[in-house]
Amino acid sequence: MFKKVVVGSGLALMLAAGSAQAIEGSVDVGEHYTNLNVGLGTTTPGLSLSGNWMRSDHDGDVSGLRLGYNVAIGSVFLSPGIKAMWIDPKDGKDGFAAAVGAGVSIPVTNMLGLYGEYYYSPEAFTDHLDSYQEASGGISFTPISLLNVRVGYKYAELNNKGSRKDNVLADGPYIGASLRF
């Protein structure tokens with residue numbers, strides 16, 4: 001039921017965001033995890049919508065839908081947002097979480113930039129978890145407007161309730177690439 005609500009809400013928001021938004025698809029690969037993303041309006045000011053699926057080799061997976069609002073302040077790009085996630089930890093119970101956070105992108109040159117992102121969900125916004133948090137940051141390289149290559153570091157942790165082992169989905173460097181249409 002939750003997945004149907006998330007998918008239906010995502011489709012409705014995509015229609016509301018307008019057809020002039022750029023669509024972006026990306027993949028990030030670390031030593032023990034993979035993160036797939038698809039987004040609409042993620043690189044332009046205004047409303048953005050994105051979805052992701054992150055899989056850990058050892059600790060489970062997370063699927064999420066993010067709604068954000070992008071603000072350009074000079075050349076700096078701020079992206080506050082909220083995420084609704086379905087969490088499937090290896091050593092805990094399946095459930096959902098709602099996280100709040102933001103991202104920032106700072107261009108250094110025409111082709112190089114710095115970026116970072118942090119999202120947090122306390123126990124009050126989770127089901128079967130004490131908390132969820134994720135952070136990432138790194139350097140991006142954009143040789144042409146349609147392609148972006150990233151090298152960075154990602155950390156994502158599920159703090160399970162009770163005596164269940166906490167699950168660290170990602171903790172290490174990654175390389176990623178995205179295409180924009």
# chains A, B, ... in the order shown; residues from 1 in each chain; ligands from 1
$ residues_around --residues "Ile175 (chain A)" --least-positions-apart "5" --cutoff "7 Å" --atoms "only C-alpha atoms" --output "PyMOL selection string"
chain A and resi 28-30+150-152
$ write_last_selection --atoms "C-alpha atoms" --output "CSV table (one decimal), in the first residue's frame"
chain,number,residue,atom,x,y,z
A,28,ASP,CA,26.9,5.8,-7.8
A,29,VAL,CA,29.0,2.8,-7.0
A,30,GLY,CA,31.0,2.2,-3.8
A,150,ARG,CA,31.4,12.5,-9.4
A,151,VAL,CA,33.9,11.3,-6.9
A,152,GLY,CA,32.9,11.4,-3.3
$ residues_around --residues "Leu47 (chain A)" --least-positions-apart "3" --cutoff "9 Å" --atoms "only C-alpha atoms" --output "MDAnalysis selection string"
chainID A and resid 17 40:42 44 67:70
$ select_by_dssp --residues "chain A" --states "helix (DSSP H, G or I)" --output "number ranges by chain"
A: 2-17, 123-125
$ write_last_selection --atoms "N, CA, C and O atoms" --output "mmCIF file, in the first residue's frame"
data_model
loop_
_atom_site.group_PDB
_atom_site.id
_atom_site.type_symbol
_atom_site.label_atom_id
_atom_site.label_comp_id
_atom_site.auth_asym_id
_atom_site.auth_seq_id
_atom_site.Cartn_x
_atom_site.Cartn_y
_atom_site.Cartn_z
ATOM 1 N N PHE A 2 1.911 1.268 0.887
ATOM 2 C CA PHE A 2 2.781 2.429 0.977
ATOM 3 C C PHE A 2 3.473 2.705 -0.355
ATOM 4 O O PHE A 2 3.580 3.849 -0.779
ATOM 5 N N LYS A 3 3.922 1.634 -1.020
ATOM 6 C CA LYS A 3 4.603 1.810 -2.302
ATOM 7 C C LYS A 3 3.667 2.404 -3.344
ATOM 8 O O LYS A 3 4.068 3.238 -4.151
ATOM 9 N N LYS A 4 2.393 2.006 -3.342
ATOM 10 C CA LYS A 4 1.426 2.554 -4.292
ATOM 11 C C LYS A 4 1.188 4.036 -4.045
ATOM 12 O O LYS A 4 1.087 4.822 -4.985
ATOM 13 N N VAL A 5 1.125 4.427 -2.764
ATOM 14 C CA VAL A 5 0.939 5.840 -2.430
ATOM 15 C C VAL A 5 2.144 6.655 -2.881
ATOM 16 O O VAL A 5 2.001 7.737 -3.459
ATOM 17 N N VAL A 6 3.352 6.133 -2.633
ATOM 18 C CA VAL A 6 4.570 6.850 -3.020
ATOM 19 C C VAL A 6 4.645 7.001 -4.538
ATOM 20 O O VAL A 6 4.932 8.080 -5.053
ATOM 21 N N VAL A 7 4.371 5.919 -5.272
ATOM 22 C CA VAL A 7 4.430 5.974 -6.737
ATOM 23 C C VAL A 7 3.357 6.927 -7.279
ATOM 24 O O VAL A 7 3.635 7.759 -8.143
ATOM 25 N N GLY A 8 2.154 6.846 -6.762
ATOM 26 C CA GLY A 8 1.078 7.741 -7.211
ATOM 27 C C GLY A 8 1.386 9.199 -6.909
ATOM 28 O O GLY A 8 1.165 10.076 -7.741
ATOM 29 N N SER A 9 1.918 9.463 -5.711
ATOM 30 C CA SER A 9 2.290 10.834 -5.352
ATOM 31 C C SER A 9 3.413 11.341 -6.246
ATOM 32 O O SER A 9 3.414 12.496 -6.664
ATOM 33 N N GLY A 10 4.379 10.476 -6.524
ATOM 34 C CA GLY A 10 5.488 10.875 -7.394
ATOM 35 C C GLY A 10 5.030 11.226 -8.791
ATOM 36 O O GLY A 10 5.465 12.222 -9.370
ATOM 37 N N LEU A 11 4.148 10.425 -9.358
ATOM 38 C CA LEU A 11 3.630 10.717 -10.694
ATOM 39 C C LEU A 11 2.845 12.021 -10.709
ATOM 40 O O LEU A 11 2.976 12.825 -11.641
ATOM 41 N N ALA A 12 2.036 12.260 -9.684
ATOM 42 C CA ALA A 12 1.269 13.512 -9.607
ATOM 43 C C ALA A 12 2.188 14.716 -9.489
ATOM 44 O O ALA A 12 1.972 15.743 -10.139
ATOM 45 N N LEU A 13 3.256 14.601 -8.678
ATOM 46 C CA LEU A 13 4.188 15.709 -8.532
ATOM 47 C C LEU A 13 4.982 15.961 -9.805
ATOM 48 O O LEU A 13 5.305 17.099 -10.124
ATOM 49 N N MET A 14 5.308 14.893 -10.534
ATOM 50 C CA MET A 14 6.026 15.074 -11.803
ATOM 51 C C MET A 14 5.165 15.856 -12.790
ATOM 52 O O MET A 14 5.660 16.719 -13.503
ATOM 53 N N LEU A 15 3.881 15.554 -12.837
ATOM 54 C CA LEU A 15 2.987 16.293 -13.729
ATOM 55 C C LEU A 15 2.867 17.739 -13.298
ATOM 56 O O LEU A 15 2.814 18.654 -14.123
ATOM 57 N N ALA A 16 2.823 17.978 -11.973
ATOM 58 C CA ALA A 16 2.685 19.337 -11.461
ATOM 59 C C ALA A 16 3.953 20.155 -11.659
ATOM 60 O O ALA A 16 3.910 21.369 -11.755
ATOM 61 N N ALA A 17 5.115 19.485 -11.707
ATOM 62 C CA ALA A 17 6.384 20.196 -11.838
ATOM 63 C C ALA A 17 6.565 20.805 -13.219
ATOM 64 O O ALA A 17 7.358 21.715 -13.397
ATOM 65 N N GLU A 123 13.517 9.282 15.486
ATOM 66 C CA GLU A 123 12.622 8.171 15.785
ATOM 67 C C GLU A 123 11.153 8.523 15.540
ATOM 68 O O GLU A 123 10.379 7.688 15.069
ATOM 69 N N ALA A 124 10.767 9.761 15.803
ATOM 70 C CA ALA A 124 9.371 10.167 15.626
ATOM 71 C C ALA A 124 8.911 10.080 14.173
ATOM 72 O O ALA A 124 7.714 9.959 13.908
ATOM 73 N N PHE A 125 9.836 10.132 13.227
ATOM 74 C CA PHE A 125 9.500 10.094 11.804
ATOM 75 C C PHE A 125 9.827 8.749 11.162
ATOM 76 O O PHE A 125 9.922 8.651 9.941
#
$ atom_distance --atom1 "CA of Val104 (chain A)" --atom2 "CA of Thr43 (chain A)"
11.2 Å
$ closest_residue --among "A:Ala99, A:Ile139, A:Ala22, A:Leu129" --to "Gly116 (chain A)" --atoms "only C-alpha atoms"
A:Ile139
$ closest_residue --among "A:Asn110, A:Gly92, A:Met54, A:Gly60" --to "Ser75 (chain A)" --atoms "only C-alpha atoms"
A:Asn110
$ residues_around --residues "Tyr153 (chain A)" --least-positions-apart "2" --cutoff "8 Å" --atoms "only C-alpha atoms" --output "list of chain:residue names"
A:Ser136, A:Gly137, A:Gly138, A:Val151, A:Tyr155, A:Asp171, A:Gly172, A:Pro173, A:Tyr174
$ select_by_dssp --residues "region 54-175 of chain A" --states "strand (DSSP E)" --output "PyMOL selection string"
chain A and resi 54-56+60-73+76-89+95-107+112-122+129-144+147-160+167-175
$ atom_distance --atom1 "CA of Arg180 (chain A)" --atom2 "CA of Glu134 (chain A)"
24.1 Å
$ closest_residue --among "A:Lys161, A:Ser121, A:Thr126, A:Leu112" --to "Thr142 (chain A)" --atoms "only C-alpha atoms"
A:Leu112
$ atom_distance --atom1 "CA of Gly162 (chain A)" --atom2 "CA of His128 (chain A)"
9.4 Å
$ closest_residue --among "A:Ile23, A:Leu65, A:Leu146, A:Ala177" --to "Ile87 (chain A)" --atoms "only C-alpha atoms"
A:Leu65
$ closest_residue --among "A:Leu179, A:Glu117, A:Gly103, A:Lys90" --to "Asn160 (chain A)" --atoms "only C-alpha atoms"
A:Lys90
$ residues_around --residues "Asp59 (chain A)" --least-positions-apart "2" --cutoff "9 Å" --atoms "only C-alpha atoms" --output "list in words"
Arg55, Ser56, Asp57, Asp61, Asp88, Pro89, Lys90, Asp91, Asp166, Asn167, Val168, Leu169 and Ala170 of chain A
$ write_last_selection --atoms "C-alpha atoms" --output "PDB file, in the first residue's frame"
ATOM      1  CA  ARG A  55      21.482  -1.356  -1.950  1.00  0.00           C
ATOM      2  CA  SER A  56      24.159  -2.470   0.467  1.00  0.00           C
ATOM      3  CA  ASP A  57      25.970  -5.761  -0.132  1.00  0.00           C
ATOM      4  CA  ASP A  61      18.372  -1.491   1.033  1.00  0.00           C
ATOM      5  CA  ASP A  88      14.500  -2.918   4.350  1.00  0.00           C
ATOM      6  CA  PRO A  89      17.403  -3.549   6.765  1.00  0.00           C
ATOM      7  CA  LYS A  90      19.102  -6.925   6.892  1.00  0.00           C
ATOM      8  CA  ASP A  91      19.056  -7.113  10.707  1.00  0.00           C
ATOM      9  CA  ASP A 166      22.532  -1.142  13.445  1.00  0.00           C
ATOM     10  CA  ASN A 167      22.872  -1.273   9.663  1.00  0.00           C
ATOM     11  CA  VAL A 168      25.460   0.846   7.861  1.00  0.00           C
ATOM     12  CA  LEU A 169      24.345   0.841   4.241  1.00  0.00           C
ATOM     13  CA  ALA A 170      27.192   2.981   2.924  1.00  0.00           C
TER      14      ALA A 170
END
$ residues_around --residues "Val27 (chain A)" --least-positions-apart "2" --cutoff "9 Å" --atoms "only C-alpha atoms" --output "list in words"
Gly25, Val29, Thr34, Asn35, Leu36, Asn37, Val38, Ile175, Gly176, Ala177 and Ser178 of chain A
$ write_last_selection --atoms "N, CA, C and O atoms" --output "short mmCIF file (atom, residue, chain, number, x, y, z; two decimals), in the first residue's frame"
data_model
loop_
_atom_site.label_atom_id
_atom_site.label_comp_id
_atom_site.auth_asym_id
_atom_site.auth_seq_id
_atom_site.Cartn_x
_atom_site.Cartn_y
_atom_site.Cartn_z
N GLY A 25 19.29 10.93 -14.73
CA GLY A 25 19.46 9.58 -14.22
C GLY A 25 20.91 9.39 -13.84
O GLY A 25 21.80 9.84 -14.55
N VAL A 29 28.56 4.09 -7.38
CA VAL A 29 29.02 2.77 -7.00
C VAL A 29 30.17 2.91 -6.01
O VAL A 29 31.18 3.54 -6.30
N THR A 34 25.49 0.27 -3.94
CA THR A 34 25.13 0.87 -5.22
C THR A 34 23.93 1.77 -4.98
O THR A 34 23.02 1.42 -4.23
N ASN A 35 23.91 2.95 -5.60
CA ASN A 35 22.82 3.89 -5.45
C ASN A 35 22.36 4.33 -6.84
O ASN A 35 23.14 4.89 -7.60
N LEU A 36 21.10 4.05 -7.18
CA LEU A 36 20.51 4.47 -8.46
C LEU A 36 19.55 5.61 -8.21
O LEU A 36 18.76 5.56 -7.25
N ASN A 37 19.60 6.64 -9.05
CA ASN A 37 18.75 7.82 -8.90
C ASN A 37 18.09 8.19 -10.22
O ASN A 37 18.67 8.01 -11.29
N VAL A 38 16.90 8.77 -10.12
CA VAL A 38 16.26 9.40 -11.26
C VAL A 38 15.60 10.67 -10.71
O VAL A 38 15.06 10.67 -9.60
N ILE A 175 32.29 6.38 -6.86
CA ILE A 175 32.38 7.09 -8.13
C ILE A 175 31.00 7.01 -8.77
O ILE A 175 30.30 6.00 -8.64
N GLY A 176 30.58 8.09 -9.38
CA GLY A 176 29.25 8.13 -9.96
C GLY A 176 29.21 8.93 -11.23
O GLY A 176 30.12 9.70 -11.55
N ALA A 177 28.15 8.73 -11.99
CA ALA A 177 27.95 9.48 -13.22
C ALA A 177 26.45 9.70 -13.42
O ALA A 177 25.63 8.90 -12.99
N SER A 178 26.12 10.82 -14.05
CA SER A 178 24.71 11.10 -14.35
C SER A 178 24.59 11.68 -15.75
O SER A 178 25.50 12.35 -16.25
#
